[in-house]
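Peer 1: Got a structure for you, written out below as structure tokens; questions coming shortly.
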Amino acid sequence: MKNNNSLLRHLPWLLVAILGACALGVVALRRGEAINALWIVVAAVAIYLVAYRYYSLFIANTVMQLDPRRATPAVVNNDGLDYVPTNKHILFGHHFAAIAGAGPLVGPVLAAQMGYLPGTLWLIAGVVLAGAVQDFLVLFMSTRRNGRSLGDMVREEMGRVPGTIALFGCFLIMIIILAVLALIVVKALADSPWGMFTVMATIPIAMFMGVYMRYIRPGRIGEISIIGVALLLGSIFLGGQIAADPSWNKIFSFTGIQITWMLIGYGAVSAVLPVWLVLAPRDYLSTFLKIGTIIALAIGIVITTPLLKMPALTQFIDGSGPVWKGGLFPFLFITIACGAVSGFHALIASGTTPKLLDNETNARYIGYGGMLMESFVAIMALVAASVIEPGVYFAMNSPPAVVGTDVVAVATAVSHWGFAITPEALQAVAHDIGENTILARAGGAPTLAVGIAQILHHVLPGENTMAFWYHFAILFEALFILTAVDAGTRAGRFMLQDLLGSFVPALRRTESWTANIIGTAGCVALWGYLLYQGVIDPLGGINTLWPLFGISNQMLAGIALMLGVVVLIKMKRQRYIWVPLIPAAWLLICTTTAGFIKLFDANPAVGFLALAQKYSTALEAGQVIAPAKDADQMHHVIINAYTNATLTGLFLFVVFAILFYAIKVSIAAWGKKERTDKESPFQALPDA
Amino acid sequence: MFNDLSQLGKYLGQAARLMVGMPDYDNYVEHMRTKHPDKPVMDYEAFFRERQEARYGGKGGPKCC
């Protein structure tokens with residue numbers, strides 16, 4: 001009797017699974033004709049639902065054995081401020097807003113150079129087996145440890161040395177992320193007066209909001225955010241007028257290097273300004289715009305059901321692609337970082353979220369479910385990149401050194417690859433979106449903006465809306481990137497002070513101005529240097545920096561999952577270690593392979609050391625190799641190559657060190673009969 | 001029906017505020033009143049400032065993607 005019932009209960013899920021399998025079959029197998037984006041969306045959503053229903057339930061009940069009677073940190077330490085038992089849907093919004101950012105949007109766009117299929121498959125498989133598992137597991141471990149951070153948990157469960165190494169790894173990742181994000185902004189705003197004006201306008205708008213919330217109507221987030229969004233939309237409109245006016249146009253046209261210096265200066269100044277003035281109000285704007293745009297994009301895709309113009313696979317799966325170099329394995333898995341699995345989420349899942357969880361069993365919905373949602377955002381970004389003409393995609397994302405610098409040369413080069421496009425068509429797109437040029441706009445944001453603009457202007461028709469939506473999308477990305485740069489510089493400063501404080505205790509004092517300035521300057525100098533070298537690099541910085549970011553981010557995920565393995569062994573749940581072990585092993589294989597290839601590959605386009613070697617040899621012989629134009633630029637390339645090689649080496653060191661300690665601790669714990677994990681003691685939930 | 005709607009609106013407002021790190025003020029007041037009747041309760045303005053500092057003052061973790 002009972003059996004019958006439970007079988008019937010699974011029937012709808014079987015149908016969902018079949019639907020997903022069919023849709024995935026269409027996505028994977030249909031060749032030679034454009035498929036509809038809805039197939040990808042349906043395949044993804046169906047598989048997410050089934051994975052959530054079965055796999056995450058298995059993890060929750062059997063692996064973690066979540067206990068609904070156990071009091072969470074939010075209940076135990078409830079103070080109405082940091083620790084608040086929160087309704088799970090409200091907490092879901094909080095968690096999702098914290099994990100969703102530039103990563104899931106940019107990675108899939110860059111990965112589209114291999115066609116939409118590899119990216120789609122990795123996004124779906126990666127999130128179900130790795131990304132969502134990681135977020136869920138870290139949230140579980142942190143909740144059982146009074147909301148401790150990832151670094152603290154590594155220190156407690158694995159030892160002091162690996163804890164410090166993990167902290168150092170987090171700091172490096174932070175620096176790389178800031179440099180990459182800032183580089184995306186530079187690439188999007190260089191020589192774009194419209195975009196530049198709207199982004200600059202956000203500063204006075206944010207200040208106005210800040211003053212309003214502080215002094216005029218304290219704490220009224222809702223009304224001032226509505227006013228702020230209205231002002232932003234006004235500034236996009238005004239930006240269009242400015243771009244159209246020849247004299248104003250010049251005032252807001254800047255080169256990449258000029259924008260780089262502005263960003264560095266901005267980062268340094270804003271990190272010491274009071275948070276309520278610029279950072280907090282802009283964070284409100286960017287959070288609400290982000291959520292709004294994601295919802296609008298989802299509705300737009302469902303209403304317009306666009307065709308994917310990008311082929312399922314391109315010839316660039318062999319590793320010769322112009323956007324980034326390297327073969328499908330391991331570089332696809334590095335390029336799509338956040339939508340499939342992201343180490344950064346481990347910092348969120350062990351940050352504010354565990355302090356707000358009202359019941360342990362909701363960790364499944366928040367951790368696993370939240371990450372599925374993020375993956376869905378990445379799927380939409382992939383769709384947006386694949387609905388634009390492939391010729392336009394490659395013209396925007398290929399470095400000038402490869403395809404040339406004027407529309408005729410670029411159109412010829414891109415058409416030669418088999419993605420037919422005319423110079424007139426490229427010019428027409430630039431005109432449609434209200435820009436002087438769309439060439440050399442690598443970094444994902446502008447491409448995504450064109451895709452979003454194409455989708456949204458179908459939903460909301462009207463004259464010239466394409467240009468408006470393009471700049472809306474650029475502004476929305478720039479907003480949260482600037483917020484990340486701002487907040488990241490502050491957080492990086494504290495991390496740096498904490499790290500240096502291990503050697504010079506005086507530097508740890510966050511109330512000391514000298515220590516703060518040293519921390520801020522150090523942090524800004526580090527990411528500023530990487531950003532600057534990325535901008536002046538004739539080979540195009542995204543090319544080198546994005547893989548570094550991907551490696552570091554996936555590596556952090558590997559560390560979080562290794563911690564999961566260690567903790568499960570210590571909890572005497574060895575039978576289930578495959579749940580974190582399989583994704584951990586896969587991430588370690590990908591990141592270390594990618595790291596070694598980046599270091600030692602003989603092809604100068606891929607290997608950092610080979611690149612440095614090639615340019616050094618040429619320099620000694622008195623030659624200048626394109627795209628460098630003189631001996632100075634030759635030196636730039638050499639120094640950059642060595643810097644990147646050093647960073648890669650450091651990442652490899654971090655990951656191998658943690659692996660060593662993870663194995664050591666695991667072996668010791670395996671032989672013990674009783675549990676050795678450092679879980680907080682059980683406290684029962686008070687009766688409601 | 002209208003009750004449900006106003007309830008939904010309240011939830012959405014709370015969700016939007018928590019997205020930017022602002023927990024529910026009424027809940028805080030309620031908590032202080034029942035659990036710590038002896039301690040002073042911040043007014044909304046002070047509560048707002050305290051939460052802003054806490055979100056960006058370095059105690060909260062970094063966020064990104």
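Ligands are numbered from 1 in the order shown, residues from 1 within each chain, and chains are lettered A, B, ... in the order they appear in the structure tokens.
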Please return, as an MDAnalysis selection string, all residues of chain A lying within 7 Å of chain B when only C-alpha atoms are considered.

Peer 2: chainID A and resid 80:81 90 93:94 97:104 218:219 275:276 284 338 344 347:348 351:352 484 487:488 490:491 494

Peer 1: For segment 128-139 of chain A, please output as a PyMOL selection string all residues within 6 Å (counting only C-alpha atoms; exclusion window: fewer than 5 positions along the same chain).

Peer 2: chain A and resi 340-341+346+349-350+367-368+371+583

Peer 1: Report, in Å to a single decimal, how far apart atom CA of Val565 of chain A and atom CA of Ile577 of chain A are.

Peer 2: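 Calculated distance between atom CA of Ile577 of chain A and atom CA of Val565 of chain A is 5.6 Å.
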
Peer 1: Report as a list in words all protein, DNA and RNA residues lying within 10 Å of Tyr212 of chain A, evaluated on only C-alpha atoms, omitting residues in the same chain fewer than 5 positions from it.

Peer 2: Ala206, Met207, Arg217, Pro218, Gly219, Arg220, Ile221, Ile224, Leu277 and Pro281 of chain A

Peer 1: If you keep C-alpha atoms, can you produce a file of those selected residues as a CSV table (one decimal), in the first residue's frame?

Peer 2:
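Heads up, here's the output in selection-v8.csv:
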```csv
chain,number,residue,atom,x,y,z
A,206,ALA,CA,24.7,57.8,-5.1
A,207,MET,CA,25.9,60.7,-3.0
A,217,ARG,CA,14.7,60.9,5.5
A,218,PRO,CA,16.8,58.5,7.5
A,219,GLY,CA,16.7,54.9,6.5
A,220,ARG,CA,14.0,55.2,3.8
A,221,ILE,CA,15.6,52.6,1.5
A,224,ILE,CA,15.2,56.7,-2.3
A,277,LEU,CA,28.0,58.2,1.2
A,281,PRO,CA,23.5,53.7,-1.8
```

Peer 1: Just the residues within 8 Å of Leu426 of chain A, please, counting only C-alpha atoms, with nothing from its chain fewer than 6 positions along; format it as an NGL selection string.

Peer 2: :A and (392 or 395 or 407 or 411 or 438)

Peer 1: Based on the backbone DSSP call, show me all residues of chain B assigned helix (DSSP H, G or I), as a PyMOL selection string.

Peer 2: chain B and resi 2-19+25-35+44-56

Peer 1: Store the residues picked out above, limited to N, CA and C atoms, as a CSV table (one decimal), in the first residue's frame.

Peer 2:
```csv
chain,number,residue,atom,x,y,z
B,2,PHE,N,-7.2,40.3,0.2
B,2,PHE,CA,-6.4,41.5,0.4
B,2,PHE,C,-5.4,41.4,1.5
B,3,ASN,N,-5.8,40.5,2.5
B,3,ASN,CA,-4.9,40.2,3.6
B,3,ASN,C,-3.6,39.5,3.0
B,4,ASP,N,-3.9,38.5,2.1
B,4,ASP,CA,-2.8,37.8,1.5
B,4,ASP,C,-1.9,38.8,0.8
B,5,LEU,N,-2.5,39.7,0.0
B,5,LEU,CA,-1.7,40.6,-0.8
B,5,LEU,C,-0.9,41.5,0.1
B,6,SER,N,-1.5,42.0,1.2
B,6,SER,CA,-0.7,42.9,2.0
B,6,SER,C,0.5,42.1,2.7
B,7,GLN,N,0.1,40.8,3.0
B,7,GLN,CA,1.2,40.0,3.6
B,7,GLN,C,2.3,39.8,2.6
B,8,LEU,N,1.9,39.5,1.3
B,8,LEU,CA,2.9,39.4,0.2
B,8,LEU,C,3.8,40.6,0.1
B,9,GLY,N,3.1,41.8,0.1
B,9,GLY,CA,3.9,43.0,0.0
B,9,GLY,C,4.8,43.2,1.1
B,10,LYS,N,4.4,42.8,2.3
B,10,LYS,CA,5.3,42.9,3.5
B,10,LYS,C,6.5,42.0,3.3
B,11,TYR,N,6.3,40.8,2.8
B,11,TYR,CA,7.4,39.8,2.6
B,11,TYR,C,8.4,40.4,1.5
B,12,LEU,N,7.8,40.9,0.4
B,12,LEU,CA,8.7,41.4,-0.6
B,12,LEU,C,9.5,42.6,-0.1
B,13,GLY,N,8.9,43.4,0.7
B,13,GLY,CA,9.6,44.6,1.2
B,13,GLY,C,10.8,44.1,2.1
B,14,GLN,N,10.4,43.1,3.0
B,14,GLN,CA,11.5,42.5,3.8
B,14,GLN,C,12.6,41.9,3.0
B,15,ALA,N,12.2,41.1,2.0
B,15,ALA,CA,13.2,40.5,1.1
B,15,ALA,C,14.1,41.5,0.5
B,16,ALA,N,13.5,42.6,0.0
B,16,ALA,CA,14.3,43.6,-0.7
B,16,ALA,C,15.3,44.2,0.3
B,17,ARG,N,14.8,44.5,1.5
B,17,ARG,CA,15.7,45.2,2.5
B,17,ARG,C,16.8,44.2,2.9
B,18,LEU,N,16.5,42.9,3.1
B,18,LEU,CA,17.5,42.0,3.5
B,18,LEU,C,18.6,41.8,2.4
B,19,MET,N,18.1,41.9,1.2
B,19,MET,CA,19.1,41.8,0.1
B,19,MET,C,20.2,42.8,0.2
B,25,TYR,N,13.2,45.6,11.1
B,25,TYR,CA,13.4,46.5,12.3
B,25,TYR,C,12.3,46.1,13.4
B,26,ASP,N,11.1,45.8,13.0
B,26,ASP,CA,10.0,45.4,13.9
B,26,ASP,C,10.4,44.2,14.7
B,27,ASN,N,11.1,43.3,13.9
B,27,ASN,CA,11.5,42.0,14.6
B,27,ASN,C,12.6,42.3,15.6
B,28,TYR,N,13.5,43.2,15.3
B,28,TYR,CA,14.5,43.6,16.3
B,28,TYR,C,13.9,44.2,17.5
B,29,VAL,N,12.9,45.1,17.4
B,29,VAL,CA,12.3,45.7,18.5
B,29,VAL,C,11.6,44.7,19.4
B,30,GLU,N,10.9,43.8,18.7
B,30,GLU,CA,10.1,42.7,19.4
B,30,GLU,C,11.1,41.9,20.2
B,31,HIS,N,12.2,41.6,19.5
B,31,HIS,CA,13.2,40.7,20.2
B,31,HIS,C,13.8,41.4,21.4
B,32,MET,N,14.1,42.7,21.3
B,32,MET,CA,14.6,43.4,22.5
B,32,MET,C,13.6,43.5,23.6
B,33,ARG,N,12.4,43.7,23.2
B,33,ARG,CA,11.3,43.9,24.2
B,33,ARG,C,11.1,42.7,25.0
B,34,THR,N,11.1,41.5,24.3
B,34,THR,CA,10.8,40.3,25.0
B,34,THR,C,12.0,39.7,25.7
B,35,LYS,N,13.2,39.8,25.0
B,35,LYS,CA,14.3,39.1,25.6
B,35,LYS,C,15.2,39.9,26.5
B,44,TYR,N,14.9,53.6,14.8
B,44,TYR,CA,15.2,53.1,13.5
B,44,TYR,C,16.4,53.7,12.8
B,45,GLU,N,16.6,55.0,13.1
B,45,GLU,CA,17.8,55.7,12.5
B,45,GLU,C,19.1,55.1,12.9
B,46,ALA,N,19.2,54.9,14.2
B,46,ALA,CA,20.4,54.3,14.8
B,46,ALA,C,20.6,52.9,14.3
B,47,PHE,N,19.5,52.2,14.3
B,47,PHE,CA,19.5,50.8,13.8
B,47,PHE,C,20.0,50.7,12.3
B,48,PHE,N,19.5,51.6,11.5
B,48,PHE,CA,19.9,51.7,10.1
B,48,PHE,C,21.4,52.0,10.0
B,49,ARG,N,21.9,52.9,10.7
B,49,ARG,CA,23.3,53.3,10.7
B,49,ARG,C,24.1,52.1,11.1
B,50,GLU,N,23.7,51.5,12.2
B,50,GLU,CA,24.5,50.4,12.8
B,50,GLU,C,24.6,49.3,11.7
B,51,ARG,N,23.5,49.0,11.1
B,51,ARG,CA,23.5,47.9,10.1
B,51,ARG,C,24.3,48.2,8.8
B,52,GLN,N,24.3,49.5,8.4
B,52,GLN,CA,25.1,49.9,7.3
B,52,GLN,C,26.6,49.7,7.6
B,53,GLU,N,27.0,50.2,8.8
B,53,GLU,CA,28.4,50.0,9.2
B,53,GLU,C,28.8,48.5,9.2
B,54,ALA,N,27.9,47.7,9.8
B,54,ALA,CA,28.2,46.3,9.9
B,54,ALA,C,28.3,45.6,8.6
B,55,ARG,N,27.5,46.1,7.6
B,55,ARG,CA,27.6,45.4,6.3
B,55,ARG,C,28.9,45.7,5.6
B,56,TYR,N,29.4,46.9,5.7
B,56,TYR,CA,30.5,47.3,4.9
B,56,TYR,C,31.8,47.5,5.7
```

Peer 1: If we count only C-alpha atoms, what is near Asp82 of chain A at a cut-off of 8 Å, once residues fewer than 2 positions away on the same chain are taken out, given as a PyMOL selection string?

Peer 2: chain A and resi 78-80+84+352+355-356

Peer 1: For a quick check of understanding, using only C-alpha atoms, which of A:Ala401, A:Val75, A:Ala612, A:Leu178 has the smallest distance to Glu360 of chain A?

Peer 2: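 Looking at the shortest contact to Glu360 of chain A, the residue is A:Val75.
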
Peer 1: Check the smallest atom-to-atom distance from each of A:Val229, A:Ala515, A:Arg493, A:Arg30 to Gly292 of chain A using only C-alpha atoms, then report the winner.

Peer 2: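 Checking each candidate against Gly292 of chain A, we get A:Val229 as the closest.
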
Peer 1: Would you compute the distance between atom CA of Gln113 of chain A and atom CA of Tyr615 of chain A? Give it in Å to one decimal.

Peer 2: 27.7 Å

Peer 1: As a ChimeraX atom specification, please: the residues near Ser375 of chain A (cut-off 6 Å, only C-alpha atoms, same-chain neighbours under 3 positions excluded).

Peer 2: /A:339,372,378

Peer 1: Excluding Leu19 of chain A and its own-chain neighbours fewer than 6 positions away, which residues fall within 8 Å of it when counting only C-alpha atoms? Please give them as a VMD selection string.

Peer 2: chain A and resid 42 to 43 46

Peer 1: Write the residues you've just listed into a file as a PDB file, in the first residue's frame, and include N, CA and C atoms for each of them.

Peer 2:
```
ATOM      1  N   VAL A  42      14.439  24.929 -21.115  1.00  0.00           N
ATOM      2  CA  VAL A  42      13.634  23.810 -20.622  1.00  0.00           C
ATOM      3  C   VAL A  42      14.532  22.685 -20.115  1.00  0.00           C
ATOM      4  N   ALA A  43      15.566  22.353 -20.886  1.00  0.00           N
ATOM      5  CA  ALA A  43      16.477  21.287 -20.466  1.00  0.00           C
ATOM      6  C   ALA A  43      17.070  21.625 -19.103  1.00  0.00           C
ATOM      7  N   ALA A  46      14.367  21.633 -16.165  1.00  0.00           N
ATOM      8  CA  ALA A  46      13.884  20.291 -15.826  1.00  0.00           C
ATOM      9  C   ALA A  46      14.952  19.528 -15.048  1.00  0.00           C
TER      10      ALA A  46
END
```
